$ cat structure08.txt   # compact mmCIF, C-alpha atoms and all ligand atoms
# COMPACT_ATOMS: atom_id res chain seq x y z
CA MET A 1 252.74 68.63 114.59
CA SER A 2 255.91 70.06 116.07
CA ASP A 3 259.36 69.88 114.53
CA VAL A 4 261.08 69.89 117.87
CA ARG A 5 260.55 67.83 120.94
CA LEU A 6 258.47 69.69 123.44
CA ALA A 7 260.32 71.51 126.15
CA GLU A 8 259.33 69.26 129.01
CA GLU A 9 259.97 66.02 127.19
CA ILE A 10 263.74 65.88 127.42
CA LYS A 11 266.28 66.38 130.13
CA CYS A 12 269.15 68.75 129.70
CA GLY A 13 272.21 67.32 128.10
CA GLU A 14 273.56 66.82 124.68
CA ASP A 15 270.04 66.77 123.30
CA CYS A 16 269.44 70.35 124.33
CA GLN A 17 271.60 71.88 121.62
CA SER A 18 268.96 74.18 120.26
CA GLY A 19 267.27 74.98 123.54
CA THR A 20 267.86 76.48 126.94
CA CYS A 21 268.28 74.58 130.19
CA VAL A 22 265.68 75.55 132.76
CA GLU A 23 265.03 74.28 136.26
CA LYS A 24 261.56 73.01 136.99
CA ASN A 25 260.33 70.86 139.88
CA GLN A 26 263.96 70.38 140.89
CA GLN A 27 264.72 68.91 137.52
CA LYS A 28 266.72 70.48 134.77
CA LEU A 29 264.76 70.47 131.59
CA CYS A 30 265.47 71.52 128.08
CA ARG A 31 263.21 74.27 126.91
CA ALA A 32 263.48 74.04 123.20
CA ASP A 33 263.22 77.20 121.23
CA ARG A 34 259.82 76.96 119.61
CA THR A 35 260.96 79.17 116.77
CA TYR A 36 263.30 76.39 115.61
CA LYS A 37 260.92 75.13 113.03
CA SER A 38 262.95 74.78 109.90
CA MET A 39 266.64 74.39 109.19
CA HIS A 40 268.74 76.66 107.08
CA VAL A 41 271.10 75.12 104.56
CA ASP A 42 273.72 77.79 103.98
CA GLU A 43 276.74 78.23 101.72
CA ASP A 44 279.28 76.64 104.04
CA SER A 45 277.78 73.85 106.09
CA ASP A 46 276.76 70.37 105.16
CA PHE A 47 274.37 68.24 107.13
CA GLY A 48 274.18 64.49 107.15
CA TYR A 49 271.46 62.19 108.46
CA LEU A 50 271.00 58.46 108.72
CA ASN A 51 269.18 57.23 105.66
CA ARG A 52 266.74 55.07 107.63
CA GLY A 53 265.89 57.84 110.00
CA PHE A 54 267.48 56.53 113.17
CA SER A 55 269.75 53.91 111.66
CA SER A 56 271.80 53.57 108.53
CA GLY A 57 271.36 51.07 105.78
CA GLN A 58 274.03 50.63 103.14
CA GLN A 59 271.82 48.68 100.79
CA SER A 60 268.14 49.20 100.28
CA ASN A 61 265.56 48.16 97.73
CA LYS A 62 263.13 50.79 99.03
CA SER A 63 263.26 54.54 99.53
CA ASP A 64 260.66 56.58 101.33
CA PHE A 65 261.25 60.15 102.36
CA SER A 66 259.58 63.52 102.33
CA PHE A 67 260.38 67.10 103.25
CA GLU A 68 259.27 70.64 102.66
CA VAL A 69 261.56 73.14 101.01
CA ARG A 70 261.55 76.88 100.61
CA THR A 71 264.18 78.59 98.53
CA LEU A 72 265.14 81.26 96.07
CA SER A 73 268.07 79.14 94.84
CA ARG A 74 267.74 78.36 91.15
CA ALA A 75 270.20 75.47 91.31
CA GLY A 76 271.77 73.09 93.77
CA ILE A 77 271.54 69.74 95.46
CA ILE A 78 268.80 69.42 98.05
CA TRP A 79 269.04 65.69 98.86
CA TYR A 80 271.87 63.31 98.06
CA GLU A 81 272.60 59.70 98.88
CA GLY A 82 275.62 58.01 97.38
CA SER A 83 278.28 55.38 97.72
CA TRP A 84 281.66 55.93 99.34
CA LYS A 85 283.90 58.31 97.44
CA GLU A 86 286.47 55.63 96.63
CA LYS A 87 283.96 53.82 94.50
CA ARG A 88 283.80 55.14 90.98
CA ASP A 89 280.51 54.97 89.11
CA GLY A 90 278.79 54.22 92.36
CA ASP A 91 275.08 54.33 93.07
CA PHE A 92 273.40 57.61 93.90
CA LEU A 93 270.05 59.25 94.40
CA ALA A 94 269.88 63.02 93.99
CA VAL A 95 267.08 65.55 94.22
CA PHE A 96 268.23 68.90 92.90
CA LEU A 97 267.30 72.16 91.22
CA VAL A 98 268.06 73.20 87.66
CA GLU A 99 266.89 76.68 86.71
CA GLY A 100 264.43 76.59 89.57
CA VAL A 101 262.88 73.30 88.48
CA LEU A 102 263.01 70.23 90.72
CA HIS A 103 264.90 67.29 89.19
CA LEU A 104 265.66 63.71 90.14
CA ALA A 105 268.56 61.48 89.15
CA ILE A 106 269.14 57.92 90.31
CA ASN A 107 271.67 55.21 89.62
CA LEU A 108 271.21 51.76 91.10
CA GLY A 109 274.16 50.46 89.10
CA ASN A 110 273.16 50.72 85.46
CA ASP A 111 272.70 54.48 85.07
CA GLY A 112 276.20 55.75 85.84
CA GLN A 113 275.90 58.92 83.80
CA LEU A 114 273.62 61.54 85.24
CA LYS A 115 270.17 61.28 83.73
CA ALA A 116 268.40 64.28 85.14
CA VAL A 117 264.63 63.83 85.06
CA SER A 118 262.62 67.02 85.34
CA THR A 119 259.50 67.13 87.48
CA ASN A 120 258.45 70.24 85.51
CA ARG A 121 257.77 71.93 88.85
CA THR A 122 259.33 75.30 89.47
CA ILE A 123 259.76 75.63 93.21
CA SER A 124 262.29 78.49 93.57
CA ASP A 125 259.68 81.04 94.56
CA ASP A 126 260.33 81.50 98.29
CA ARG A 127 257.22 79.49 99.17
CA TRP A 128 257.01 76.16 100.94
CA HIS A 129 256.73 73.13 98.69
CA SER A 130 256.36 69.53 99.78
CA VAL A 131 258.39 66.81 98.10
CA GLN A 132 257.88 63.11 98.58
CA LEU A 133 259.84 60.29 97.01
CA THR A 134 259.00 56.62 97.22
CA ARG A 135 260.89 53.82 95.54
CA LYS A 136 260.22 50.14 95.28
CA GLU A 137 263.21 48.51 93.67
CA ARG A 138 263.68 50.20 90.25
CA ARG A 139 260.47 52.20 90.28
CA VAL A 140 260.57 55.70 91.74
CA GLU A 141 257.65 58.06 92.23
CA VAL A 142 257.98 61.73 93.07
CA THR A 143 255.11 63.80 94.45
CA VAL A 144 255.31 67.58 94.65
CA ASP A 145 252.72 69.58 96.58
CA GLY A 146 250.52 66.51 96.87
CA LYS A 147 250.50 65.74 93.16
CA ARG A 148 252.41 62.86 91.65
CA VAL A 149 254.59 64.44 89.00
CA ILE A 150 256.94 61.75 87.73
CA THR A 151 257.54 58.03 87.76
CA VAL A 152 261.07 56.94 86.90
CA VAL A 153 262.11 53.37 86.26
CA THR A 154 265.85 52.76 86.38
CA SER A 155 267.68 50.67 83.80
CA PRO A 156 267.38 46.90 84.22
CA GLY A 157 269.89 45.44 86.60
CA SER A 158 270.44 46.18 90.26
CA THR A 159 267.34 46.90 92.35
CA PHE A 160 269.34 48.05 95.38
CA LEU A 161 270.59 51.53 96.16
CA ASP A 162 274.08 50.97 97.56
CA THR A 163 275.27 53.94 99.60
CA ASN A 164 277.31 54.76 102.66
CA GLY A 165 274.09 54.82 104.69
CA LEU A 166 273.76 58.58 104.90
CA VAL A 167 271.66 61.35 103.44
CA TYR A 168 273.34 64.68 102.72
CA LEU A 169 271.43 67.93 102.52
CA GLY A 170 272.86 70.82 100.54
CA GLY A 171 275.48 69.11 98.39
CA ARG A 172 278.62 70.44 99.99
CA ASN A 173 279.97 67.51 101.96
CA ALA A 174 283.72 67.48 101.38
CA ALA A 175 283.81 63.75 100.75
CA LYS A 176 281.05 64.03 98.18
CA VAL A 177 282.08 67.08 96.21
CA ARG A 178 284.22 65.16 93.70
CA GLN A 179 281.47 62.59 93.18
CA LEU A 180 278.96 65.34 92.61
CA ALA A 181 281.31 67.20 90.26
CA ARG A 182 281.68 64.05 88.17
CA LEU A 183 277.91 64.13 87.77
CA GLY A 184 278.04 67.80 86.83
CA LEU A 185 276.36 68.83 90.06
CA THR A 186 278.49 71.66 91.36
CA GLN A 187 275.93 74.22 92.43
CA LYS A 188 275.19 74.54 96.09
CA PHE A 189 271.70 74.83 97.46
CA VAL A 190 270.77 77.58 99.88
CA GLY A 191 267.37 77.52 101.50
CA CYS A 192 265.11 76.21 104.24
CA ILE A 193 264.06 72.62 104.85
CA ARG A 194 261.52 71.36 107.36
CA ASN A 195 259.28 68.40 108.16
CA ILE A 196 261.81 65.80 107.10
CA GLU A 197 260.50 62.24 107.31
CA ILE A 198 262.48 59.16 106.41
CA HIS A 199 260.62 55.84 106.34
CA SER A 200 257.79 57.53 108.29
CA LYS A 201 260.15 58.71 111.03
CA ARG A 202 260.15 62.41 111.74
CA ILE A 203 263.69 63.79 111.77
CA ASN A 204 264.63 66.65 114.05
CA PRO A 205 267.17 68.46 111.86
CA PHE A 206 268.80 70.06 114.90
CA THR A 207 269.37 67.04 117.08
CA ASP A 208 269.47 64.16 114.61
CA THR A 209 272.28 65.49 112.43
CA ILE A 210 275.45 63.40 112.39
CA SER A 211 277.46 66.45 111.31
CA ASP A 212 279.73 68.47 113.60
CA LYS A 213 277.58 71.53 113.29
CA THR A 214 273.97 72.11 114.25
CA PRO A 215 271.98 73.84 111.53
CA GLN A 216 270.75 77.35 111.98
CA ASN A 217 267.11 78.17 112.27
CA CYS A 218 265.41 79.45 109.17
CA ILE A 219 263.60 82.67 109.72
CA HIS A 220 260.28 81.89 108.12
CA CA B 301 273.06 48.96 93.25
$ encode --input "structure08.txt" --output "structure tokens" --more "lines below"
Ligand SMILES: [Ca+2]
Amino acid sequence: MSDVRLAEEIKCGEDCQSGTCVEKNQQKLCRADRTYKSMHVDEDSDFGYLNRGFSSGQQSNKSDFSFEVRTLSRAGIIWYEGSWKEKRDGDFLAVFLVEGVLHLAINLGNDGQLKAVSTNRTISDDRWHSVQLTRKERRVEVTVDGKRVITVVTSPGSTFLDTNGLVYLGGRNAAKVRQLARLGLTQKFVGCIRNIEIHSKRINPFTDTISDKTPQNCIH
């Protein structure tokens, strides 16, 4: 499976950000750079995506996403969904690293303080690891490298994750930094992410980002 649309599939235009325009059969086509396989989350940039893949949902009683990650970072936010910054004690879902170990924290409304749940999986070893999270109402399951590692059930109450409809990768979105600091999540993730799927929709990190910047390719 390819992470980028094949060269001949799209016409040149805004979609051709990570490729080169070529002329073929009197048509201009976007020849995507085949080496653009995984995105680099660096120290400065933040990248946002719609939390339903190709649309946003501000309230959901289900989560379903997966990605692969490769990093040497020992700490930092990999995946974050949260409410608007104006809302104190708002809902959030965070997947992050603490001392190289993958953690999950979730608040649907009754877990306002950060309750970091360890998956007991050390992934900061510069190898690719797959992470999958599925949630049905208050019950969350996390699978790492094909093995289910934790099941988390949130405190009784709300079954909906109320967010601004976006997913942030890397934990450095300006509007989210204060929210994250309140949770004690101040470390920034640096690493590579690929094969992002949200609700079974494959995300192209280079063309589907809603951020100003396009991510850089990860050289792996
Ligand atoms: Ca809620």
$ closest_atom_pairs --input "structure08.txt" --of "chain A" --to "ligand CA 301 (chain B)" --cutoff "9 Å" --atoms "only C-alpha atoms and all ligand atoms" --output "Markdown table"
| residue | atom | partner | partner_atom | distance |
| --- | --- | --- | --- | --- |
| A:Gln59 | CA | B:CA301 | CA | 7.6 |
| A:Ser60 | CA | B:CA301 | CA | 8.6 |
| A:Asn61 | CA | B:CA301 | CA | 8.8 |
| A:Gly90 | CA | B:CA301 | CA | 7.8 |
| A:Asp91 | CA | B:CA301 | CA | 5.7 |
| A:Phe92 | CA | B:CA301 | CA | 8.7 |
| A:Asn107 | CA | B:CA301 | CA | 7.4 |
| A:Leu108 | CA | B:CA301 | CA | 4.0 |
| A:Gly109 | CA | B:CA301 | CA | 4.5 |
| A:Asn110 | CA | B:CA301 | CA | 8.0 |
| A:Gly157 | CA | B:CA301 | CA | 8.2 |
| A:Ser158 | CA | B:CA301 | CA | 4.9 |
| A:Thr159 | CA | B:CA301 | CA | 6.1 |
| A:Phe160 | CA | B:CA301 | CA | 4.4 |
| A:Leu161 | CA | B:CA301 | CA | 4.6 |
| A:Asp162 | CA | B:CA301 | CA | 4.9 |
| A:Thr163 | CA | B:CA301 | CA | 8.4 |
$ closest_atom_pairs --input "structure08.txt" --of "stretch 153-210 of chain A" --to "stretch 66-84 of chain A" --cutoff "6 Å" --atoms "only C-alpha atoms" --output "JSON lines"
{"residue": "A:Thr163", "atom": "CA", "partner": "A:Ser83", "partner_atom": "CA", "distance": 3.8}
{"residue": "A:Asn164", "atom": "CA", "partner": "A:Ser83", "partner_atom": "CA", "distance": 5.1}
{"residue": "A:Val167", "atom": "CA", "partner": "A:Glu81", "partner_atom": "CA", "distance": 4.9}
{"residue": "A:Tyr168", "atom": "CA", "partner": "A:Tyr80", "partner_atom": "CA", "distance": 5.1}
{"residue": "A:Leu169", "atom": "CA", "partner": "A:Trp79", "partner_atom": "CA", "distance": 4.9}
{"residue": "A:Gly170", "atom": "CA", "partner": "A:Ile78", "partner_atom": "CA", "distance": 5.0}
{"residue": "A:Gly171", "atom": "CA", "partner": "A:Ile77", "partner_atom": "CA", "distance": 5.0}
{"residue": "A:Gln187", "atom": "CA", "partner": "A:Gly76", "partner_atom": "CA", "distance": 4.5}
{"residue": "A:Lys188", "atom": "CA", "partner": "A:Gly76", "partner_atom": "CA", "distance": 4.4}
{"residue": "A:Phe189", "atom": "CA", "partner": "A:Gly76", "partner_atom": "CA", "distance": 4.1}
{"residue": "A:Val190", "atom": "CA", "partner": "A:Ser73", "partner_atom": "CA", "distance": 5.9}
{"residue": "A:Gly191", "atom": "CA", "partner": "A:Thr71", "partner_atom": "CA", "distance": 4.5}
{"residue": "A:Cys192", "atom": "CA", "partner": "A:Arg70", "partner_atom": "CA", "distance": 5.1}
{"residue": "A:Ile193", "atom": "CA", "partner": "A:Val69", "partner_atom": "CA", "distance": 4.6}
{"residue": "A:Arg194", "atom": "CA", "partner": "A:Glu68", "partner_atom": "CA", "distance": 5.3}
{"residue": "A:Asn195", "atom": "CA", "partner": "A:Phe67", "partner_atom": "CA", "distance": 5.2}
{"residue": "A:Ile196", "atom": "CA", "partner": "A:Phe67", "partner_atom": "CA", "distance": 4.3}
{"residue": "A:Glu197", "atom": "CA", "partner": "A:Ser66", "partner_atom": "CA", "distance": 5.2}
$ residues_around --input "structure08.txt" --residues "A:Arg135" --least-positions-apart "3" --cutoff "12 Å" --atoms "all atoms listed in the file" --output "list of chain:residue names"
A:Ser60, A:Asn61, A:Lys62, A:Ser63, A:Asp64, A:Phe65, A:Ser66, A:Leu93, A:Ile106, A:Leu108, A:Gln132, A:Arg138, A:Arg139, A:Val140, A:Glu141, A:Val142, A:Thr143, A:Ile150, A:Thr151, A:Val152, A:Val153, A:Thr154, A:Thr159, A:Phe160, A:Leu161, A:His199
$ atom_distance --input "structure08.txt" --atom1 "atom CA of A:Thr207" --atom2 "atom CA of A:Lys37"
12.4 Å
$ closest_residue --input "structure08.txt" --among "A:Gln26, A:Asn51, A:Asn217, A:Ser38" --to "A:Lys201" --atoms "all atoms listed in the file"
A:Asn51
$ closest_residue --input "structure08.txt" --among "A:Val131, A:Leu180, A:Met39, A:Ala116" --to "A:Asp89" --atoms "only C-alpha atoms"
A:Leu180
$ atom_distance --input "structure08.txt" --atom1 "atom CA of A:Phe96" --atom2 "atom CA of A:Ile219"
22.2 Å
$ atom_distance --input "structure08.txt" --atom1 "atom CA of A:Asn120" --atom2 "atom CA of A:Leu185"
18.5 Å
$ closest_residue --input "structure08.txt" --among "A:Arg202, A:Gly53, A:Arg88, A:Gly48" --to "A:Arg178" --atoms "only C-alpha atoms"
A:Arg88
$ residues_around --input "structure08.txt" --residues "A:Phe47" --least-positions-apart "6" --cutoff "10 Å" --atoms "all atoms listed in the file" --output "list in words"
Val41, Leu166, Val167, Tyr168, Leu169, Gly170, Gly171, Arg172, Asn173, Pro205, Phe206, Asp208, Thr209, Ile210, Ser211, Asp212, Lys213, Thr214 and Pro215 of chain A
$ write_last_selection --input "structure08.txt" --atoms "C-alpha atoms" --output "short mmCIF file (atom, residue, chain, number, x, y, z; two decimals), in the coordinates of the input"
data_model
loop_
_atom_site.label_atom_id
_atom_site.label_comp_id
_atom_site.auth_asym_id
_atom_site.auth_seq_id
_atom_site.Cartn_x
_atom_site.Cartn_y
_atom_site.Cartn_z
CA VAL A 41 271.10 75.12 104.56
CA LEU A 166 273.76 58.58 104.90
CA VAL A 167 271.66 61.35 103.44
CA TYR A 168 273.34 64.68 102.72
CA LEU A 169 271.43 67.93 102.52
CA GLY A 170 272.86 70.82 100.54
CA GLY A 171 275.48 69.11 98.39
CA ARG A 172 278.62 70.44 99.99
CA ASN A 173 279.97 67.51 101.96
CA PRO A 205 267.17 68.46 111.86
CA PHE A 206 268.80 70.06 114.90
CA ASP A 208 269.47 64.16 114.61
CA THR A 209 272.28 65.49 112.43
CA ILE A 210 275.45 63.40 112.39
CA SER A 211 277.46 66.45 111.31
CA ASP A 212 279.73 68.47 113.60
CA LYS A 213 277.58 71.53 113.29
CA THR A 214 273.97 72.11 114.25
CA PRO A 215 271.98 73.84 111.53
#
$ closest_residue --input "structure08.txt" --among "A:Leu114, A:Val144, A:Val149, A:Leu133" --to "A:Arg182" --atoms "all atoms listed in the file"
A:Leu114
$ decode --input "structure08.txt" --residues "stretch 120-153 of chain A" --atoms "C-alpha atoms" --output "PDB file, in the first residue's frame"
ATOM      1  CA  ASN A 120       4.288  -0.766  29.358  1.00  0.00           C
ATOM      2  CA  ARG A 121       5.659  -0.655  25.819  1.00  0.00           C
ATOM      3  CA  THR A 122       8.955   1.080  25.249  1.00  0.00           C
ATOM      4  CA  ILE A 123       8.931   2.330  21.688  1.00  0.00           C
ATOM      5  CA  SER A 124      11.733   4.943  21.638  1.00  0.00           C
ATOM      6  CA  ASP A 125      14.189   2.681  19.870  1.00  0.00           C
ATOM      7  CA  ASP A 126      14.297   4.137  16.347  1.00  0.00           C
ATOM      8  CA  ARG A 127      12.232   1.248  14.985  1.00  0.00           C
ATOM      9  CA  TRP A 128       8.751   1.349  13.528  1.00  0.00           C
ATOM     10  CA  HIS A 129       5.941   0.515  15.924  1.00  0.00           C
ATOM     11  CA  SER A 130       2.262   0.309  15.107  1.00  0.00           C
ATOM     12  CA  VAL A 131      -0.298   1.856  17.425  1.00  0.00           C
ATOM     13  CA  GLN A 132      -4.027   1.369  17.183  1.00  0.00           C
ATOM     14  CA  LEU A 133      -6.696   2.872  19.392  1.00  0.00           C
ATOM     15  CA  THR A 134     -10.362   2.005  19.332  1.00  0.00           C
ATOM     16  CA  ARG A 135     -13.000   3.413  21.640  1.00  0.00           C
ATOM     17  CA  LYS A 136     -16.644   2.618  22.073  1.00  0.00           C
ATOM     18  CA  GLU A 137     -18.126   5.137  24.442  1.00  0.00           C
ATOM     19  CA  ARG A 138     -16.124   4.890  27.718  1.00  0.00           C
ATOM     20  CA  ARG A 139     -14.128   1.810  26.803  1.00  0.00           C
ATOM     21  CA  VAL A 140     -10.773   2.322  25.086  1.00  0.00           C
ATOM     22  CA  GLU A 141      -8.465  -0.366  23.760  1.00  0.00           C
ATOM     23  CA  VAL A 142      -4.883   0.225  22.684  1.00  0.00           C
ATOM     24  CA  THR A 143      -2.949  -2.223  20.525  1.00  0.00           C
ATOM     25  CA  VAL A 144       0.804  -1.892  20.035  1.00  0.00           C
ATOM     26  CA  ASP A 145       2.620  -3.942  17.404  1.00  0.00           C
ATOM     27  CA  GLY A 146      -0.453  -6.097  16.921  1.00  0.00           C
ATOM     28  CA  LYS A 147      -0.874  -6.952  20.581  1.00  0.00           C
ATOM     29  CA  ARG A 148      -3.612  -5.488  22.732  1.00  0.00           C
ATOM     30  CA  VAL A 149      -1.802  -3.908  25.643  1.00  0.00           C
ATOM     31  CA  ILE A 150      -4.366  -1.959  27.635  1.00  0.00           C
ATOM     32  CA  THR A 151      -8.073  -1.453  28.074  1.00  0.00           C
ATOM     33  CA  VAL A 152      -9.091   1.773  29.787  1.00  0.00           C
ATOM     34  CA  VAL A 153     -12.588   2.561  30.961  1.00  0.00           C
TER      35      VAL A 153
END
